[in-house]
file coords_4.cif (mmCIF, C-alpha atoms)
data_data
loop_
_atom_site.label_atom_id
_atom_site.label_comp_id
_atom_site.auth_asym_id
_atom_site.auth_seq_id
_atom_site.Cartn_x
_atom_site.Cartn_y
_atom_site.Cartn_z
CA MET O 1 0.00 0.00 0.00
CA GLN O 2 2.95 2.33 0.68
CA HIS O 3 4.09 1.95 -2.92
CA LEU O 4 0.71 3.13 -4.23
CA PHE O 5 0.80 6.16 -1.92
CA VAL O 6 4.28 7.14 -3.18
CA LEU O 7 3.17 6.63 -6.79
CA SER O 8 0.10 8.85 -6.21
CA LEU O 9 2.31 11.65 -4.88
CA LEU O 10 4.58 11.39 -7.91
CA VAL O 11 1.60 11.52 -10.29
CA MET O 12 0.25 14.66 -8.61
CA GLY O 13 3.67 16.33 -8.96
CA VAL O 14 3.80 15.93 -12.75
CA ASN O 15 3.25 19.03 -14.88
CA HIS O 16 -0.29 18.48 -16.20
CA HIS O 17 0.09 21.00 -19.05
CA ALA O 18 2.99 19.25 -20.75
CA THR O 19 2.19 17.80 -24.14
CA SER O 20 4.99 15.46 -24.99
CA GLN O 21 3.88 12.32 -26.77
CA ALA O 22 4.11 12.50 -30.55
CA TYR O 23 1.01 10.43 -31.38
CA PHE O 24 -2.74 10.11 -30.87
CA THR O 25 -3.28 6.34 -31.24
CA ALA O 26 -0.72 3.54 -31.00
CA MET O 27 -1.15 -0.23 -30.67
CA GLY O 28 1.25 -3.14 -30.33
CA ILE O 29 2.71 -5.89 -28.18
CA ARG O 30 3.87 -5.88 -24.57
CA MET O 31 6.65 -8.29 -23.54
CA GLY O 32 7.84 -8.83 -19.99
CA THR O 33 6.60 -10.67 -16.93
CA GLU O 34 3.51 -11.37 -19.03
CA PHE O 35 2.95 -11.20 -22.80
CA GLY O 36 0.06 -9.25 -24.31
CA ILE O 37 -1.31 -6.42 -26.43
CA THR O 38 -1.44 -2.73 -25.60
CA LEU O 39 -3.51 0.14 -27.01
CA GLN O 40 -2.55 3.70 -26.14
CA GLN O 41 -4.77 6.72 -26.95
CA ARG O 42 -4.08 10.37 -26.26
CA ILE O 43 -7.07 11.85 -24.41
CA LEU O 44 -6.15 15.48 -23.76
CA GLY O 45 -2.88 17.43 -23.56
CA GLY O 46 -0.26 15.18 -21.99
CA VAL O 47 -2.82 12.60 -20.81
CA THR O 48 -3.22 9.17 -22.41
CA GLY O 49 -5.43 6.19 -21.75
CA GLN O 50 -3.95 2.72 -22.09
CA GLY O 51 -5.63 -0.66 -22.27
CA ILE O 52 -3.60 -3.84 -21.76
CA VAL O 53 -4.67 -7.47 -22.12
CA SER O 54 -1.88 -9.85 -21.12
CA ALA O 55 -1.46 -13.54 -20.38
CA ASN O 56 0.99 -15.62 -18.35
CA ALA O 57 1.54 -19.06 -19.88
CA VAL O 58 3.12 -20.49 -16.70
CA ASN O 59 0.19 -19.95 -14.32
CA GLU O 60 -2.48 -19.68 -17.08
CA GLN O 61 -3.66 -16.25 -15.94
CA THR O 62 -5.08 -13.45 -18.08
CA THR O 63 -5.14 -9.82 -16.95
CA ALA O 64 -7.06 -6.85 -18.33
CA THR O 65 -5.81 -3.42 -17.24
CA ALA O 66 -7.10 0.13 -17.88
CA LEU O 67 -4.69 3.00 -17.10
CA VAL O 68 -4.59 6.80 -17.30
CA GLN O 69 -1.09 8.28 -17.70
CA LEU O 70 0.41 11.77 -17.48
CA HIS O 71 3.36 12.37 -19.85
CA ASN O 72 6.28 14.79 -19.48
CA ARG O 73 8.96 15.33 -22.11
CA LEU O 74 12.56 14.49 -21.22
CA ILE O 75 14.55 15.74 -24.24
CA THR O 76 12.03 16.23 -27.05
CA ARG O 77 8.38 15.30 -27.67
CA ASN O 78 9.67 11.94 -28.88
CA VAL O 79 11.39 11.06 -25.58
CA ASN O 80 9.26 11.30 -22.44
CA PHE O 81 8.40 9.69 -19.13
CA TYR O 82 4.99 8.97 -17.71
CA LEU O 83 3.27 8.16 -14.43
CA GLY O 84 -0.26 6.96 -13.86
CA GLY O 85 -2.66 4.46 -12.45
CA GLY O 86 -5.84 2.52 -13.03
CA VAL O 87 -7.62 -0.76 -12.36
CA HIS O 88 -7.14 -4.40 -13.31
CA GLN O 89 -9.03 -7.68 -13.40
CA ARG O 90 -7.20 -11.06 -13.41
CA TRP O 91 -8.65 -14.54 -13.93
CA LYS O 92 -7.34 -18.05 -14.58
CA ARG O 93 -8.09 -20.06 -17.71
CA GLY O 94 -11.53 -21.66 -17.43
CA GLU O 95 -12.82 -19.09 -14.88
CA GLU O 96 -15.34 -16.37 -15.59
CA PRO O 97 -13.67 -12.94 -16.20
CA GLY O 98 -15.37 -11.38 -13.13
CA SER O 99 -14.46 -14.17 -10.69
CA GLY O 100 -10.69 -13.63 -10.30
CA LEU O 101 -8.55 -11.00 -8.62
CA SER O 102 -9.28 -7.30 -9.05
CA GLY O 103 -7.51 -4.22 -7.79
CA VAL O 104 -5.57 -1.06 -8.49
CA THR O 105 -2.53 -0.66 -10.71
CA GLY O 106 0.19 1.97 -10.86
CA VAL O 107 2.58 2.59 -13.75
CA ALA O 108 5.83 4.49 -14.28
CA GLY O 109 7.83 4.37 -17.48
CA ALA O 110 9.67 6.04 -20.33
CA GLU O 111 9.02 5.99 -24.06
CA LEU O 112 10.72 6.79 -27.34
CA THR O 113 8.95 7.52 -30.64
CA LEU O 114 10.78 7.12 -33.95
CA GLY O 115 8.63 7.77 -37.02
CA LYS O 116 5.63 5.43 -36.78
CA ILE O 117 7.16 3.23 -34.04
CA ASN O 118 6.70 3.83 -30.30
CA MET O 119 8.83 1.88 -27.80
CA SER O 120 8.41 2.01 -24.04
CA TRP O 121 9.64 0.42 -20.82
CA ASP O 122 7.51 0.48 -17.69
CA TYR O 123 7.28 -0.68 -14.09
CA LYS O 124 3.75 -1.65 -13.04
CA PRO O 125 2.96 -2.33 -9.35
CA VAL O 126 -0.41 -4.03 -8.76
CA TYR O 127 -2.43 -4.37 -5.57
CA HIS O 128 -5.20 -7.00 -5.51
CA LEU O 129 -8.06 -5.76 -3.33
CA ASN O 130 -9.67 -9.20 -2.91
CA ALA O 131 -6.54 -11.35 -2.49
CA THR O 132 -6.12 -13.55 0.60
CA ASP O 133 -2.30 -13.65 0.26
CA HIS O 134 0.30 -12.05 -2.04
CA ALA O 135 -1.87 -8.97 -2.52
CA PHE O 136 1.05 -6.88 -3.85
CA GLU O 137 2.91 -7.80 -7.04
CA SER O 138 4.97 -5.90 -9.56
CA GLU O 139 5.63 -6.32 -13.26
CA THR O 140 7.99 -4.79 -15.77
CA ALA O 141 7.75 -4.88 -19.54
CA VAL O 142 8.86 -3.46 -22.87
CA SER O 143 6.15 -2.41 -25.34
CA LEU O 144 6.52 -1.99 -29.09
CA ARG O 145 3.64 -0.13 -30.76
CA TYR O 146 2.74 1.02 -34.26
CA ILE O 147 1.37 4.58 -34.47
CA PHE O 148 -1.93 4.63 -36.37
CA ILE O 149 -2.70 8.33 -35.86
CA LYS O 150 0.32 10.65 -35.52
CA GLN O 151 0.29 14.19 -34.21
CA LEU O 152 1.22 16.74 -36.90
CA ARG O 153 3.87 19.39 -36.24
CA GLY O 154 2.80 23.00 -36.64
CA LYS O 155 -0.88 22.18 -36.27
CA LYS O 156 -3.00 23.02 -33.27
CA LYS O 157 -2.65 20.08 -30.90
CA ARG O 158 -6.18 18.76 -30.82
CA ASN O 159 -7.46 15.23 -30.62
CA PRO O 160 -9.30 14.43 -33.89
CA PHE O 161 -11.97 12.55 -31.94
CA TRP O 162 -13.14 15.71 -30.14
CA LYS O 163 -15.62 17.96 -31.94
CA LYS O 164 -14.62 21.50 -32.92
CA ASP O 165 -16.05 24.22 -30.68
CA GLU O 166 -18.14 27.05 -32.13
CA LYS O 167 -15.30 29.61 -32.01
CA THR O 168 -13.02 27.33 -34.05
CA LYS O 169 -15.80 26.64 -36.58
CA LYS O 170 -16.39 30.36 -37.10
CA LYS O 171 -12.67 31.03 -37.61
CA LEU O 172 -12.46 28.27 -40.22
CA GLN O 173 -15.54 29.59 -42.04
CA ARG O 174 -14.06 33.12 -42.06
CA LYS O 175 -10.76 31.82 -43.50
CA ARG O 176 -12.62 29.90 -46.23
CA ARG O 177 -14.62 33.02 -47.20
CA LEU O 178 -11.43 35.12 -47.40
CA ARG O 179 -9.70 32.49 -49.56
CA LYS O 180 -12.73 32.33 -51.88
CA ARG O 181 -12.77 36.14 -52.26
CA GLN O 182 -9.04 36.15 -52.98
CA ARG O 183 -9.45 33.49 -55.68
CA GLU O 184 -12.26 35.52 -57.28
CA LYS O 185 -10.08 38.67 -57.24
CA ASP O 186 -7.18 36.74 -58.79
CA LYS O 187 -9.44 35.42 -61.57
CA HIS O 188 -10.79 38.93 -62.24
CA ASN O 189 -7.26 40.43 -62.36
CA ASP O 190 -6.12 37.61 -64.63
CA ARG O 191 -8.95 38.34 -67.09
CA LYS O 192 -8.10 42.07 -67.09
CA SER O 193 -4.44 41.37 -67.80
CA ARG O 194 -5.37 39.26 -70.85
CA ILE O 195 -7.44 42.09 -72.38
#
call {"tool": "encode", "arguments": {"input": "coords_4.cif", "output": "structure tokens"}}
result
Amino acid sequence: MQHLFVLSLLVMGVNHHATSQAYFTAMGIRMGTEFGITLQQRILGGVTGQGIVSANAVNEQTTATALVQLHNRLITRNVNFYLGGGVHQRWKRGEEPGSGLSGVTGVAGAELTLGKINMSWDYKPVYHLNATDHAFESETAVSLRYIFIKQLRGKKKRNPFWKKDEKTKKKLQRKRRLRKRQREKDKHNDRKSRI
């Protein structure tokens, strides 16, 4: 429980306004204590949501984890560290998904993005709320993800899944009208120059 308290303090100390990850959506494999798949989605600013489904072949356990992470850049947007937490559900093969262990999960890690590839290493402490013994465990893993939606440089950093607000819509409409008028003026001037 002490580890979760320390992790919570670290998460609260992170700069919430930092936007460091260079992608919106990335998915791939996670290799470590367990093997699985990972999906990472930028939610807002430097905040991402991550879903992990992993399996352990030795003890025939499957774990589903949902995490929220706060990112801070280290050197550039492509190199950053993150802290976060969430919940997990674990069950053995043959059991119903809701019948196993459930609890809270912390995460701390670093990631590197090169082109369309995102690589990360993380440490993930887990605390099972309904365990009779061995309630605390920890995992570490390396993830390799392909970036499906990449953030564009020079553009306003906005998640494409969020709708545009009214102010932004009006600005875009005004720009379109100005461009249309300019094209009409250019055509008119071009005709005059031919005569």
call {"tool": "closest_atom_pairs", "arguments": {"input": "coords_4.cif", "of": "range 11-94 of chain O", "to": "range 117-125 of chain O", "cutoff": "9 Å", "atoms": "all atoms listed in the file", "output": "CSV"}}
result
residue,atom,partner,partner_atom,distance
O:Tyr23,CA,O:Asn118,CA,8.8
O:Ala26,CA,O:Asn118,CA,7.5
O:Met27,CA,O:Asn118,CA,8.8
O:Gly28,CA,O:Asn118,CA,8.8
O:Asn78,CA,O:Asn118,CA,8.8
O:Tyr82,CA,O:Asp122,CA,8.9
O:Gly85,CA,O:Lys124,CA,8.9
call {"tool": "atom_distance", "arguments": {"input": "coords_4.cif", "atom1": "CA of Arg93 in chain O", "atom2": "CA of Ser143 in chain O"}}
result
23.9 Å
call {"tool": "residues_near_point", "arguments": {"input": "coords_4.cif", "point": "(-0.8, 10.6, -20.3)", "cutoff": "8 Å", "atoms": "all atoms listed in the file", "output": "mmCIF file with C-alpha atoms, in the frame of the given file"}}
result
data_model
loop_
_atom_site.group_PDB
_atom_site.id
_atom_site.type_symbol
_atom_site.label_atom_id
_atom_site.label_comp_id
_atom_site.auth_asym_id
_atom_site.auth_seq_id
_atom_site.Cartn_x
_atom_site.Cartn_y
_atom_site.Cartn_z
ATOM 1 C CA ARG O 42 -4.080 10.370 -26.260
ATOM 2 C CA ILE O 43 -7.070 11.850 -24.410
ATOM 3 C CA GLY O 45 -2.880 17.430 -23.560
ATOM 4 C CA GLY O 46 -0.260 15.180 -21.990
ATOM 5 C CA VAL O 47 -2.820 12.600 -20.810
ATOM 6 C CA THR O 48 -3.220 9.170 -22.410
ATOM 7 C CA GLY O 49 -5.430 6.190 -21.750
ATOM 8 C CA VAL O 68 -4.590 6.800 -17.300
ATOM 9 C CA GLN O 69 -1.090 8.280 -17.700
ATOM 10 C CA LEU O 70 0.410 11.770 -17.480
ATOM 11 C CA HIS O 71 3.360 12.370 -19.850
ATOM 12 C CA TYR O 82 4.990 8.970 -17.710
ATOM 13 C CA LEU O 83 3.270 8.160 -14.430
ATOM 14 C CA GLY O 84 -0.260 6.960 -13.860
#
call {"tool": "atom_distance", "arguments": {"input": "coords_4.cif", "atom1": "CA of Trp91 in chain O", "atom2": "CA of Glu60 in chain O"}}
result
8.6 Å
call {"tool": "residues_around", "arguments": {"input": "coords_4.cif", "residues": "range 135-137 of chain O", "least_positions_apart": "5", "cutoff": "6 Å", "atoms": "all atoms listed in the file", "output": "PyMOL selection string"}}
result
chain O and resi 125-128
call {"tool": "atom_distance", "arguments": {"input": "coords_4.cif", "atom1": "CA of Arg181 in chain O", "atom2": "CA of Glu166 in chain O"}}
result
22.7 Å
call {"tool": "residues_around", "arguments": {"input": "coords_4.cif", "residues": "Ile149 in chain O", "least_positions_apart": "2", "cutoff": "7 Å", "atoms": "all atoms listed in the file", "output": "list in words"}}
result
Tyr23, Phe24, Thr25, Ile147 and Gln151 of chain O
call {"tool": "residues_near_point", "arguments": {"input": "coords_4.cif", "point": "(-5.9, -2.4, -5.4)", "cutoff": "12 Å", "atoms": "all atoms listed in the file", "output": "compact mmCIF listing (two decimals) with C-alpha atoms, in the coordinates of the input"}}
result
# COMPACT_ATOMS: atom_id res chain seq x y z
CA MET O 1 0.00 0.00 0.00
CA GLN O 2 2.95 2.33 0.68
CA HIS O 3 4.09 1.95 -2.92
CA LEU O 4 0.71 3.13 -4.23
CA PHE O 5 0.80 6.16 -1.92
CA THR O 65 -5.81 -3.42 -17.24
CA GLY O 85 -2.66 4.46 -12.45
CA GLY O 86 -5.84 2.52 -13.03
CA VAL O 87 -7.62 -0.76 -12.36
CA HIS O 88 -7.14 -4.40 -13.31
CA GLN O 89 -9.03 -7.68 -13.40
CA ARG O 90 -7.20 -11.06 -13.41
CA LEU O 101 -8.55 -11.00 -8.62
CA SER O 102 -9.28 -7.30 -9.05
CA GLY O 103 -7.51 -4.22 -7.79
CA VAL O 104 -5.57 -1.06 -8.49
CA THR O 105 -2.53 -0.66 -10.71
CA GLY O 106 0.19 1.97 -10.86
CA PRO O 125 2.96 -2.33 -9.35
CA VAL O 126 -0.41 -4.03 -8.76
CA TYR O 127 -2.43 -4.37 -5.57
CA HIS O 128 -5.20 -7.00 -5.51
CA LEU O 129 -8.06 -5.76 -3.33
CA ASN O 130 -9.67 -9.20 -2.91
CA ALA O 131 -6.54 -11.35 -2.49
CA HIS O 134 0.30 -12.05 -2.04
CA ALA O 135 -1.87 -8.97 -2.52
CA PHE O 136 1.05 -6.88 -3.85
CA GLU O 137 2.91 -7.80 -7.04
call {"tool": "closest_residue", "arguments": {"input": "coords_4.cif", "among": "O:Lys92, O:Lys180, O:Arg73, O:Lys150", "to": "Gly109 in chain O", "atoms": "all atoms listed in the file"}}
result
O:Arg73
